[in-house]
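Text of protein-v4.txt, listed as compact mmCIF, C-alpha atoms:
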```txt
# COMPACT_ATOMS: atom_id res chain seq x y z
CA MET A 177 14.86 -10.66 13.04
CA LYS A 178 13.39 -9.24 16.24
CA LYS A 179 11.01 -6.34 15.68
CA VAL A 180 11.49 -4.80 12.24
CA TYR A 181 10.03 -1.35 11.57
CA LEU A 182 10.57 1.84 9.58
CA LYS A 183 11.33 5.14 11.29
CA GLU A 184 11.70 8.52 9.65
CA ALA A 185 15.03 10.28 9.90
CA ASN A 186 14.99 12.24 13.15
CA MET A 187 17.29 14.18 15.46
CA GLU A 188 16.82 11.86 18.46
CA ASP A 189 18.60 8.94 16.75
CA VAL A 190 21.36 11.05 15.19
CA GLN A 191 24.28 8.94 16.50
CA LYS A 192 23.01 5.63 15.13
CA GLU A 193 21.82 7.27 11.90
CA TYR A 194 25.27 8.79 11.39
CA GLU A 195 27.00 5.47 12.00
CA PHE A 196 24.75 3.80 9.43
CA ILE A 197 25.15 6.49 6.78
CA THR A 198 28.93 6.45 7.02
CA GLN A 199 28.99 2.66 6.63
CA LEU A 200 26.65 2.51 3.64
CA PRO A 201 28.62 2.64 0.32
CA GLU A 202 28.58 5.83 -1.73
CA ASP A 203 27.14 4.08 -4.79
CA GLU A 204 26.24 0.42 -4.89
CA ASN A 205 23.89 -1.33 -7.31
CA GLY A 206 22.30 1.99 -8.23
CA PHE A 207 21.54 3.15 -4.68
CA THR A 208 23.46 6.34 -4.04
CA ASN A 209 24.54 7.67 -0.67
CA LYS A 210 25.89 11.14 -1.35
CA ASP A 211 26.56 11.63 2.37
CA TYR A 212 29.13 8.84 2.63
CA GLY A 213 32.27 10.05 4.38
CA CYS A 214 30.71 13.10 6.03
CA SER A 215 31.79 14.22 9.48
CA TYR A 216 29.54 13.82 12.50
CA GLU A 217 29.23 17.59 12.86
CA GLU A 218 28.23 17.99 9.20
CA PHE A 219 25.67 15.20 9.51
CA GLU A 220 24.14 16.58 12.69
CA LYS A 221 24.09 20.25 11.69
CA LYS A 222 23.36 20.08 7.98
CA ILE A 223 22.64 16.69 6.42
CA LEU A 224 20.10 15.28 8.87
CA PRO A 225 18.12 18.56 9.13
CA GLY A 226 18.20 18.52 5.31
CA TYR A 227 16.56 15.07 5.29
CA ILE A 228 13.80 16.38 7.54
CA ASP A 229 13.31 19.54 5.48
CA LYS A 230 13.10 17.54 2.26
CA SER A 231 10.41 15.34 3.74
CA ASN A 232 8.38 18.49 4.39
CA GLY A 233 9.11 20.00 0.97
CA ILE A 234 11.37 22.71 2.42
CA ASN A 235 14.53 24.08 0.76
CA LEU A 236 14.32 21.72 -2.22
CA SER A 237 17.05 21.93 -4.83
CA PRO A 238 15.91 22.82 -8.37
CA GLY A 239 14.34 19.84 -10.10
CA HIS A 240 13.99 17.84 -6.85
CA VAL A 241 10.73 16.61 -5.30
CA PRO A 242 9.92 16.05 -1.61
CA GLY A 243 11.23 12.77 -0.29
CA THR A 244 11.43 10.96 3.02
CA GLU A 245 14.35 8.90 4.33
CA TYR A 246 13.20 5.93 6.39
CA PHE A 247 15.70 3.94 8.41
CA LEU A 248 14.88 0.25 8.77
CA TRP A 249 15.36 -0.84 12.37
CA ASP A 250 15.54 -4.32 13.84
CA GLY A 251 15.08 -3.74 17.54
CA ASP A 252 17.58 -1.00 18.39
CA THR A 253 19.83 -1.56 15.34
CA ILE A 254 19.57 0.20 11.97
CA VAL A 255 19.92 -2.38 9.19
CA GLY A 256 18.77 -0.48 6.11
CA LEU A 257 17.65 2.76 4.49
CA PHE A 258 14.52 3.18 2.34
CA ARG A 259 13.75 6.33 0.40
CA ILE A 260 10.31 7.46 -0.83
CA ARG A 261 10.06 10.30 -3.34
CA HIS A 262 6.61 11.78 -2.86
CA HIS A 263 5.72 12.17 -6.53
CA LEU A 264 7.26 11.72 -9.94
CA CYS A 265 9.00 14.26 -12.12
CA GLU A 266 10.17 13.45 -15.65
CA ALA A 267 13.62 12.37 -14.50
CA LEU A 268 12.22 10.03 -11.83
CA ALA A 269 9.55 8.63 -14.13
CA ASN A 270 12.28 7.70 -16.61
CA GLY A 271 14.79 6.60 -13.99
CA ALA A 272 14.93 5.78 -10.29
CA GLY A 273 11.20 6.12 -9.62
CA HIS A 274 9.54 6.50 -6.22
CA ILE A 275 11.54 4.09 -4.05
CA GLY A 276 15.22 3.38 -3.50
CA TYR A 277 16.78 1.26 -0.78
CA GLY A 278 19.99 -0.16 0.59
CA ILE A 279 20.74 -2.79 3.26
CA ARG A 280 23.90 -2.73 5.34
CA LYS A 281 26.24 -5.39 3.97
CA GLU A 282 26.42 -7.58 7.05
CA TYR A 283 22.61 -7.83 7.20
CA ARG A 284 22.03 -8.89 3.60
CA GLY A 285 20.54 -12.27 2.80
CA ARG A 286 18.37 -12.29 5.93
CA GLY A 287 15.09 -11.01 4.46
CA TYR A 288 15.49 -7.38 5.53
CA ALA A 289 15.18 -6.02 1.99
CA ASN A 290 11.95 -7.92 1.44
CA GLU A 291 10.38 -6.86 4.74
CA GLY A 292 11.64 -3.29 4.42
CA LEU A 293 10.26 -2.94 0.91
CA ARG A 294 6.91 -4.37 2.00
CA LEU A 295 6.68 -1.77 4.77
CA THR A 296 7.85 1.00 2.43
CA ILE A 297 5.27 0.16 -0.24
CA GLU A 298 2.56 0.36 2.43
CA LYS A 299 3.75 3.84 3.38
CA ALA A 300 4.15 4.91 -0.24
CA TRP A 301 0.47 4.29 -0.98
CA GLU A 302 -0.38 6.80 1.76
CA ILE A 303 1.93 9.42 0.19
CA ILE A 304 2.17 9.22 -3.59
CA PRO A 305 -0.63 10.39 -5.93
CA GLU A 306 0.20 8.04 -8.81
CA ASP A 307 -1.62 4.75 -9.46
CA GLU A 308 1.64 2.83 -9.75
CA ILE A 309 4.87 2.80 -7.77
CA TYR A 310 7.90 3.18 -10.05
CA MET A 311 11.20 1.45 -9.24
CA SER A 312 14.33 0.40 -11.09
CA VAL A 313 17.06 -2.18 -10.54
CA HIS A 314 20.43 -2.89 -12.17
CA LYS A 315 20.49 -6.08 -14.22
CA ASP A 316 23.51 -7.27 -12.27
CA ASN A 317 21.48 -7.17 -9.03
CA PRO A 318 19.12 -10.18 -9.34
CA ALA A 319 18.52 -10.31 -5.57
CA SER A 320 16.94 -6.84 -5.61
CA LEU A 321 14.83 -7.68 -8.65
CA LYS A 322 13.58 -10.79 -6.85
CA THR A 323 12.70 -8.64 -3.82
CA GLN A 324 10.68 -6.24 -5.96
CA LEU A 325 8.84 -9.03 -7.79
CA LYS A 326 8.05 -10.72 -4.48
CA ASN A 327 6.44 -7.48 -3.32
CA GLY A 328 4.03 -7.33 -6.24
CA ALA A 329 6.14 -5.57 -8.89
CA TYR A 330 6.23 -6.48 -12.54
CA ILE A 331 8.83 -5.60 -15.17
CA HIS A 332 7.44 -2.72 -17.21
CA HIS A 333 10.40 -2.32 -19.58
CA GLU A 334 14.18 -2.55 -19.65
CA ASP A 335 17.27 -1.05 -21.26
CA ASP A 336 20.82 -2.33 -21.53
CA GLU A 337 21.58 -1.75 -17.84
CA ASP A 338 18.33 -1.72 -15.86
CA PHE A 339 14.93 -3.26 -15.36
CA PHE A 340 12.16 -0.73 -14.69
CA THR A 341 9.47 -2.17 -12.46
CA ARG A 342 6.00 -1.08 -11.38
CA VAL A 343 3.64 -1.96 -8.53
CA LYS A 344 -0.03 -1.33 -9.25
CA ARG A 345 -2.07 0.43 -6.60
CA PRO A 346 -4.00 -2.50 -5.08
CA GLU A 347 -7.48 -1.07 -5.51
CA ALA A 348 -6.86 -0.34 -9.18
CA ASP A 349 -6.68 -4.06 -9.98
CA LEU A 350 -9.10 -5.55 -7.45
CA LYS A 351 -12.78 -6.37 -7.34
CA LEU A 352 -15.16 -8.01 -4.87
CA VAL A 353 -17.39 -10.66 -6.44
CA GLU A 354 -19.68 -13.36 -5.18
CA ALA A 355 -18.61 -16.98 -5.63
CA GLU A 356 -19.07 -18.25 -9.18
CA ASP A 357 -18.22 -21.52 -10.93
CA LYS A 358 -15.48 -19.86 -13.00
CA TYR A 359 -13.46 -19.34 -9.81
CA ALA A 360 -13.56 -23.03 -8.85
CA ASP A 361 -9.88 -23.73 -9.55
CA GLU A 362 -8.77 -20.60 -7.69
CA ILE A 363 -10.96 -21.49 -4.71
CA SER A 364 -9.47 -24.99 -4.63
CA ALA A 365 -5.92 -23.57 -4.71
CA TYR A 366 -6.84 -21.02 -2.02
CA ARG A 367 -8.14 -23.77 0.27
CA GLN A 368 -5.08 -25.96 -0.29
CA GLU A 369 -2.68 -23.13 0.52
CA PHE A 370 -4.36 -22.60 3.89
CA LEU A 371 -4.28 -26.34 4.60
CA ASP A 372 -0.59 -26.50 3.71
CA CYS A 373 0.13 -23.57 6.04
CA GLU A 374 -2.14 -24.99 8.77
CA ASP A 375 -3.78 -21.57 8.93
CA HIS A 376 -7.29 -20.42 9.83
CA MET A 377 -9.75 -19.93 6.97
CA ASP A 378 -11.49 -16.91 8.48
CA GLY A 379 -14.21 -15.36 6.36
CA CYS A 380 -14.48 -18.40 4.10
CA GLY A 381 -17.62 -20.02 5.50
CA SER A 382 -17.45 -23.81 5.27
CA LEU A 383 -14.63 -23.92 2.74
CA ARG A 384 -12.48 -26.21 4.90
CA LYS A 385 -14.93 -29.11 4.63
CA TYR A 386 -15.47 -28.87 0.85
CA GLU A 387 -12.88 -30.70 -1.25
CA ASN A 388 -15.06 -30.04 -4.28
CA PRO A 389 -15.07 -26.26 -4.90
CA LEU A 390 -18.30 -26.45 -6.90
CA GLU A 391 -20.10 -27.81 -3.84
CA TYR A 392 -18.69 -24.91 -1.81
CA ILE A 393 -19.87 -22.40 -4.42
CA GLU A 394 -23.36 -23.93 -4.31
CA ASN A 395 -23.34 -23.64 -0.51
CA CYS A 396 -22.46 -19.94 -0.86
CA ARG A 397 -25.36 -19.45 -3.27
CA GLN A 398 -27.80 -21.16 -0.90
CA ARG A 399 -26.60 -19.16 2.09
CA SER A 400 -27.03 -15.84 0.25
CA ALA A 401 -30.83 -16.33 0.25
CA ALA A 402 -32.80 -14.45 2.92
CA ASP A 403 -34.48 -17.70 4.02
CA ALA A 404 -31.24 -19.72 4.20
CA SER A 405 -31.60 -22.66 6.57
CA SER A 406 -29.57 -22.83 9.77
CA LYS A 407 -28.65 -26.37 8.68
CA ILE A 408 -26.35 -24.90 6.02
CA GLY A 409 -25.04 -22.14 8.28
CA GLY A 410 -27.74 -19.47 8.02
CA GLN A 411 -27.83 -16.41 5.82
CA ALA A 412 -24.44 -15.06 4.82
CA VAL A 413 -22.95 -13.22 1.89
CA GLN A 414 -19.59 -14.50 0.71
CA PHE A 415 -17.32 -12.22 -1.31
CA LEU A 416 -14.14 -13.14 -3.15
CA CYS A 417 -11.40 -10.55 -3.59
CA VAL A 418 -10.14 -11.15 -7.13
CA ARG A 419 -7.42 -9.50 -9.17
CA LYS A 420 -9.01 -8.16 -12.33
CA SER A 421 -6.04 -8.74 -14.61
CA ASP A 422 -5.87 -12.52 -14.17
CA ASP A 423 -8.78 -13.58 -11.87
CA HIS A 424 -6.29 -14.57 -9.16
CA LEU A 425 -8.10 -15.12 -5.84
CA ILE A 426 -6.40 -12.98 -3.19
CA GLY A 427 -8.79 -13.01 -0.24
CA MET A 428 -12.26 -13.76 1.08
CA ILE A 429 -14.59 -11.74 3.29
CA GLN A 430 -17.97 -12.73 4.63
CA TYR A 431 -20.91 -11.09 6.38
CA ARG A 432 -23.03 -13.46 8.51
CA TYR A 433 -26.48 -12.04 9.26
CA GLU A 434 -27.47 -14.44 12.04
CA ALA A 435 -24.20 -14.67 13.97
CA ASP A 436 -23.40 -12.89 17.24
CA PRO A 437 -22.80 -9.24 16.22
CA LYS A 438 -19.14 -9.56 17.24
CA PHE A 439 -18.59 -12.34 14.71
CA ARG A 440 -20.61 -11.25 11.70
CA ILE A 441 -17.54 -10.14 9.72
CA GLY A 442 -14.67 -12.46 8.92
CA TYR A 443 -11.90 -12.19 6.36
CA SER A 444 -8.66 -13.78 5.26
CA VAL A 445 -5.91 -13.13 2.73
CA ARG A 446 -4.10 -15.88 0.86
CA PRO A 447 -0.75 -16.47 2.62
CA CYS A 448 1.27 -15.77 -0.53
CA ASP A 449 -0.45 -12.39 -0.99
CA ARG A 450 -0.19 -10.89 2.49
CA GLY A 451 1.46 -7.61 3.36
CA HIS A 452 0.05 -5.51 0.50
CA GLY A 453 -2.98 -3.88 2.14
CA TYR A 454 -5.54 -6.28 0.62
CA ALA A 455 -7.35 -6.97 3.90
CA LYS A 456 -7.84 -3.25 4.50
CA TRP A 457 -9.18 -2.85 0.95
CA MET A 458 -11.64 -5.72 1.44
CA LEU A 459 -12.93 -4.46 4.78
CA ARG A 460 -13.42 -0.92 3.48
CA HIS A 461 -15.38 -2.21 0.49
CA LEU A 462 -17.49 -4.50 2.65
CA LEU A 463 -18.33 -1.54 4.88
CA ALA A 464 -19.37 0.45 1.80
CA TRP A 465 -21.59 -2.45 0.75
CA LEU A 466 -23.17 -2.64 4.23
CA LYS A 467 -23.87 1.09 4.05
CA GLN A 468 -25.82 0.45 0.86
CA GLN A 469 -27.85 -2.10 2.84
CA GLY A 470 -28.82 0.68 5.26
CA MET A 471 -26.45 -0.11 8.11
CA SER A 472 -24.62 2.60 10.05
CA GLU A 473 -22.44 0.64 12.50
CA VAL A 474 -21.01 -2.86 12.93
CA THR A 475 -18.70 -4.62 15.36
CA ILE A 476 -15.75 -6.87 14.61
CA ALA A 477 -13.40 -8.93 16.77
CA CYS A 478 -9.83 -10.19 16.58
CA GLU A 479 -7.35 -11.90 18.87
CA PRO A 480 -4.84 -9.58 20.62
CA SER A 481 -1.99 -11.60 19.09
CA ASN A 482 -3.25 -10.90 15.57
CA THR A 483 -1.59 -7.51 15.23
CA ALA A 484 -1.98 -7.50 11.44
CA SER A 485 -5.77 -7.78 11.70
CA GLU A 486 -5.84 -5.23 14.52
CA HIS A 487 -3.91 -2.82 12.27
CA VAL A 488 -6.47 -3.36 9.48
CA ILE A 489 -9.40 -2.66 11.80
CA LEU A 490 -7.82 0.48 13.26
CA ASN A 491 -7.01 1.77 9.78
CA CYS A 492 -10.67 1.39 8.86
CA GLY A 493 -11.72 3.53 11.83
CA GLY A 494 -12.20 0.80 14.44
CA LYS A 495 -12.66 1.86 18.08
CA LEU A 496 -12.05 -0.62 20.89
CA VAL A 497 -15.26 -1.17 22.87
CA GLU A 498 -14.52 -4.26 24.95
CA SER A 499 -12.40 -7.34 25.48
CA CYS A 500 -14.01 -10.70 26.05
CA THR A 501 -13.38 -14.44 26.04
CA TYR A 502 -15.13 -16.78 23.62
CA LYS A 503 -14.61 -20.55 23.88
CA GLY A 504 -11.46 -19.88 25.89
CA ILE A 505 -10.05 -17.43 23.32
CA GLU A 506 -9.36 -13.84 24.35
CA LEU A 507 -10.78 -11.30 21.90
CA LEU A 508 -10.73 -7.54 21.33
CA VAL A 509 -14.01 -6.12 20.03
CA TYR A 510 -14.13 -2.96 17.91
CA SER A 511 -16.97 -0.83 16.61
CA LEU A 512 -16.87 0.51 13.07
CA GLU A 513 -18.99 3.42 11.91
CA ILE A 514 -20.15 3.06 8.33
```
Show this structure as structure tokens.
Amino acid sequence: MKKVYLKEANMEDVQKEYEFITQLPEDENGFTNKDYGCSYEEFEKKILPGYIDKSNGINLSPGHVPGTEYFLWDGDTIVGLFRIRHHLCEALANGAGHIGYGIRKEYRGRGYANEGLRLTIEKAWEIIPEDEIYMSVHKDNPASLKTQLKNGAYIHHEDDEDFFTRVKRPEADLKLVEAEDKYADEISAYRQEFLDCEDHMDGCGSLRKYENPLEYIENCRQRSAADASSKIGGQAVQFLCVRKSDDHLIGMIQYRYEADPKFRIGYSVRPCDRGHGYAKWMLRHLLAWLKQQGMSEVTIACEPSNTASEHVILNCGGKLVESCTYKGIELLVYSLEI
């Protein structure tokens, strides 16, 4: 993979879009391509404008809902097609659901379905009104089921031919809590996963040095006091992002009162849970909490190479105010209105 991204169907890329559509099977594993075999003229004059109209809710056939066709690109090559239906009707709720997708045969088995579905789910949360994304998959397509489960889906029910899966809206099953003893095992597993990945534990305080999670939890309690000693790191509030349904620890976010203003907020998401919008959810909820404390603006920094974190900050309203170097590390500094 080079640079993988989704791009809405558009007239500028008509030649490559046409080539992809005519090479994607008419019906394979439940993903239908009714435009298979069309001529270039028909695609350019009728089919592609129809995609664009449907995305805008124009000229819909009876019983159809608005939907957007997203081509999955790797660099300058189209490798897949992902479809988002903007809301459910009875037929979709009982069948195909919100999202359908297909990967060009020669690009299968390379992770494109997984990455494309991750990107599509992110977009779907910005479009659909429902609290769950509905999908389905043929029972003879275990690879697609694995892709859906890897992207946070669960099997809701099944019939003789299909599994019907759901992805819960992240915020519907999340909560921010302060560190408690009952999360000790999850905190230990969280720490170990970061050690195994040799990754930074941003927003976790002194977690790296505590093999015993109960000692770490006690440190968090001590640091939450207004008179917390600088010997233990100074005053800071440590939040855990926990899934309500099973108390699974997804991420951590911290506010450090005595740090340089650029470094008062830090956060991380467990490596196995990334790509689902959890960091954005945590930051937005921390900002709401800071507003309750009477604050109106904060700053936050990230490395230019950390495009995922930069995306989170921008999505929460961040505005670039400066770039600087700290201990030899280049940083971008953003302001966030609360």
**Prompt:** Please, what distance in Å, to one decimal, runs between atom CA of A:Ile254 and atom CA of A:Gln199?
**Reply:**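 Spanning atom CA of A:Ile254 to atom CA of A:Gln199 is a straight-line distance of 11.1 Å.
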Write out as a ChimeraX atom specification the residues lying within 12 Å of stretch 350-355 of chain A, counting all atoms listed in the file and excluding same-chain residues fewer than 6 positions away. /A:344,361-363,380-381,383,389-400,412-431,453-455,457-462,464-465
Which residue of A:Glu245, A:Asp436, A:Glu291, A:Asp203 approaches A:His452 most closely, using all atoms listed in the file |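 The shortest atom-to-atom distance to A:His452 comes from A:Glu291.
Put simply, atom CA of A:Val474 is 8.2 Å away from atom CA of A:Lys438.
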The distance between atom CA of A:Ile234 and atom CA of A:Phe207 is 23.2 Å
Ranking A:Asp403, A:Asp349, A:Asp378, A:Asp250 by minimum distance to A:Ile441 and counting all atoms listed in the file, which one comes first?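 The shortest atom-to-atom distance to A:Ile441 comes from A:Asp378.
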Which residues of stretch 248-323 of chain A have any atom within 12 Å of an atom in stretch 209-227 of chain A when counting all atoms listed in the file, and what is the closest pair of atoms for each, with the distance in Å to one decimal? Order the rows by chain and rising number and write it as a Markdown table.
```
| residue | atom | partner | partner_atom | distance |
| --- | --- | --- | --- | --- |
| A:Leu257 | CA | A:Asn209 | CA | 9.9 |
| A:Phe258 | CA | A:Asn209 | CA | 11.4 |
| A:Arg259 | CA | A:Tyr227 | CA | 10.4 |
| A:Ile260 | CA | A:Tyr227 | CA | 11.6 |
| A:Arg261 | CA | A:Tyr227 | CA | 11.8 |
| A:Gly276 | CA | A:Asn209 | CA | 10.6 |
| A:Tyr277 | CA | A:Asn209 | CA | 10.1 |
| A:Gly278 | CA | A:Asn209 | CA | 9.1 |
| A:Ile279 | CA | A:Asn209 | CA | 11.8 |
```
Pick out the closest residue to A:Pro346 from this set: A:Lys456, A:Lys179, A:Lys495, A:Lys192. Count all atoms listed in the file.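 Smallest separation from A:Pro346 among the options: A:Lys456.
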In terms of all atoms listed in the file, the residue from A:Lys503, A:Arg432, A:Arg367, A:His274 at minimal distance from A:Ser444 is A:Arg367
So that I can see what lies close to A:Asp252, please list as a JSON list (two decimals) with C-alpha atoms, in the frame of the given file the residues with an atom at most 12 Å from it, counting only C-alpha atoms and leaving out residues fewer than 4 positions away in the same chain.
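Final file, selection_12.json:
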```json
[["chain", "number", "residue", "atom", "x", "y", "z"],
["A", 177, "MET", "CA", 14.86, -10.66, 13.04],
["A", 178, "LYS", "CA", 13.39, -9.24, 16.24],
["A", 179, "LYS", "CA", 11.01, -6.34, 15.68],
["A", 180, "VAL", "CA", 11.49, -4.80, 12.24],
["A", 181, "TYR", "CA", 10.03, -1.35, 11.57],
["A", 182, "LEU", "CA", 10.57, 1.84, 9.58],
["A", 183, "LYS", "CA", 11.33, 5.14, 11.29],
["A", 189, "ASP", "CA", 18.60, 8.94, 16.75],
["A", 192, "LYS", "CA", 23.01, 5.63, 15.13],
["A", 193, "GLU", "CA", 21.82, 7.27, 11.90],
["A", 247, "PHE", "CA", 15.70, 3.94, 8.41],
["A", 248, "LEU", "CA", 14.88, 0.25, 8.77]]
```
Spatial sel., origin (-8.5, -10.0, 14.4), limit 10 Å, only C-alpha atoms, listed as a list in words: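 Final list of nearby residues, as requested, is Asp378, Gly442, Tyr443, Ser444, Ile476, Ala477, Cys478, Glu479, Pro480, Ser481, Asn482, Thr483, Ala484, Ser485, Glu486, His487, Val488, Ile489, Leu507, Leu508, Val509 and Tyr510 of chain A.
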- Show which residues sit within 8 Å of A:Tyr433, as a ChimeraX atom specification. Count only C-alpha atoms, and ignore same-chain residues fewer than 3 positions away. /A:410-412,440
*asked:* Can you pull out the residues contacting A:His262? Cut-off 6 Å, using only C-alpha atoms, and skip same-chain residues under 5 positions away; I want them as a list in words.
replied: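 The residues satisfying every condition are Pro242, Gly243 and Ile304 of chain A.
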Serialized selection, C-alpha atoms, as a PDB file, keeping the file's coordinate frame:
```pdb
ATOM      1  CA  PRO A 242       9.920  16.050  -1.610  1.00  0.00           C
ATOM      2  CA  GLY A 243      11.230  12.770  -0.290  1.00  0.00           C
ATOM      3  CA  ILE A 304       2.170   9.220  -3.590  1.00  0.00           C
TER       4      ILE A 304
END
```
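Residues having any atom no farther than 6 Å from (10.6, 2.1, 3.5) (counting all atoms listed in the file) are Tyr246, Phe258, Gly292, Leu293, Leu295 and Thr296 of chain A.
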Non-local contacts of A:Cys448 (10 Å; all atoms listed in the file; under 5 positions in same chain excluded) as a list of chain:residue names =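 Counting only the stated atoms, we get A:Lys326, A:Tyr366, A:Glu369, A:Phe370, A:Ile426.
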Which centre and which edge lengths, in Å to one decimal, describe the axis-aligned box that holds all listed atoms of stretch 266-285 of chain A after 5 Å is added on each side, as JSON?
```
{"center_x": 18.0, "center_y": 0.6, "center_z": -4.7, "size_x": 26.9, "size_y": 35.7, "size_z": 33.8}
```
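Using all atoms listed in the file for every distance, the candidate list A:Thr475, A:Thr341, A:Gln469, A:Thr501 yields A:Thr341 as the residue closest to A:Glu308.
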Using all atoms listed in the file: which of A:Asn327, A:Ser231, A:Ser405, A:Ser499 has the shortest distance to A:Met311: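 Of the candidates, the smallest distance to A:Met311 is held by A:Asn327.
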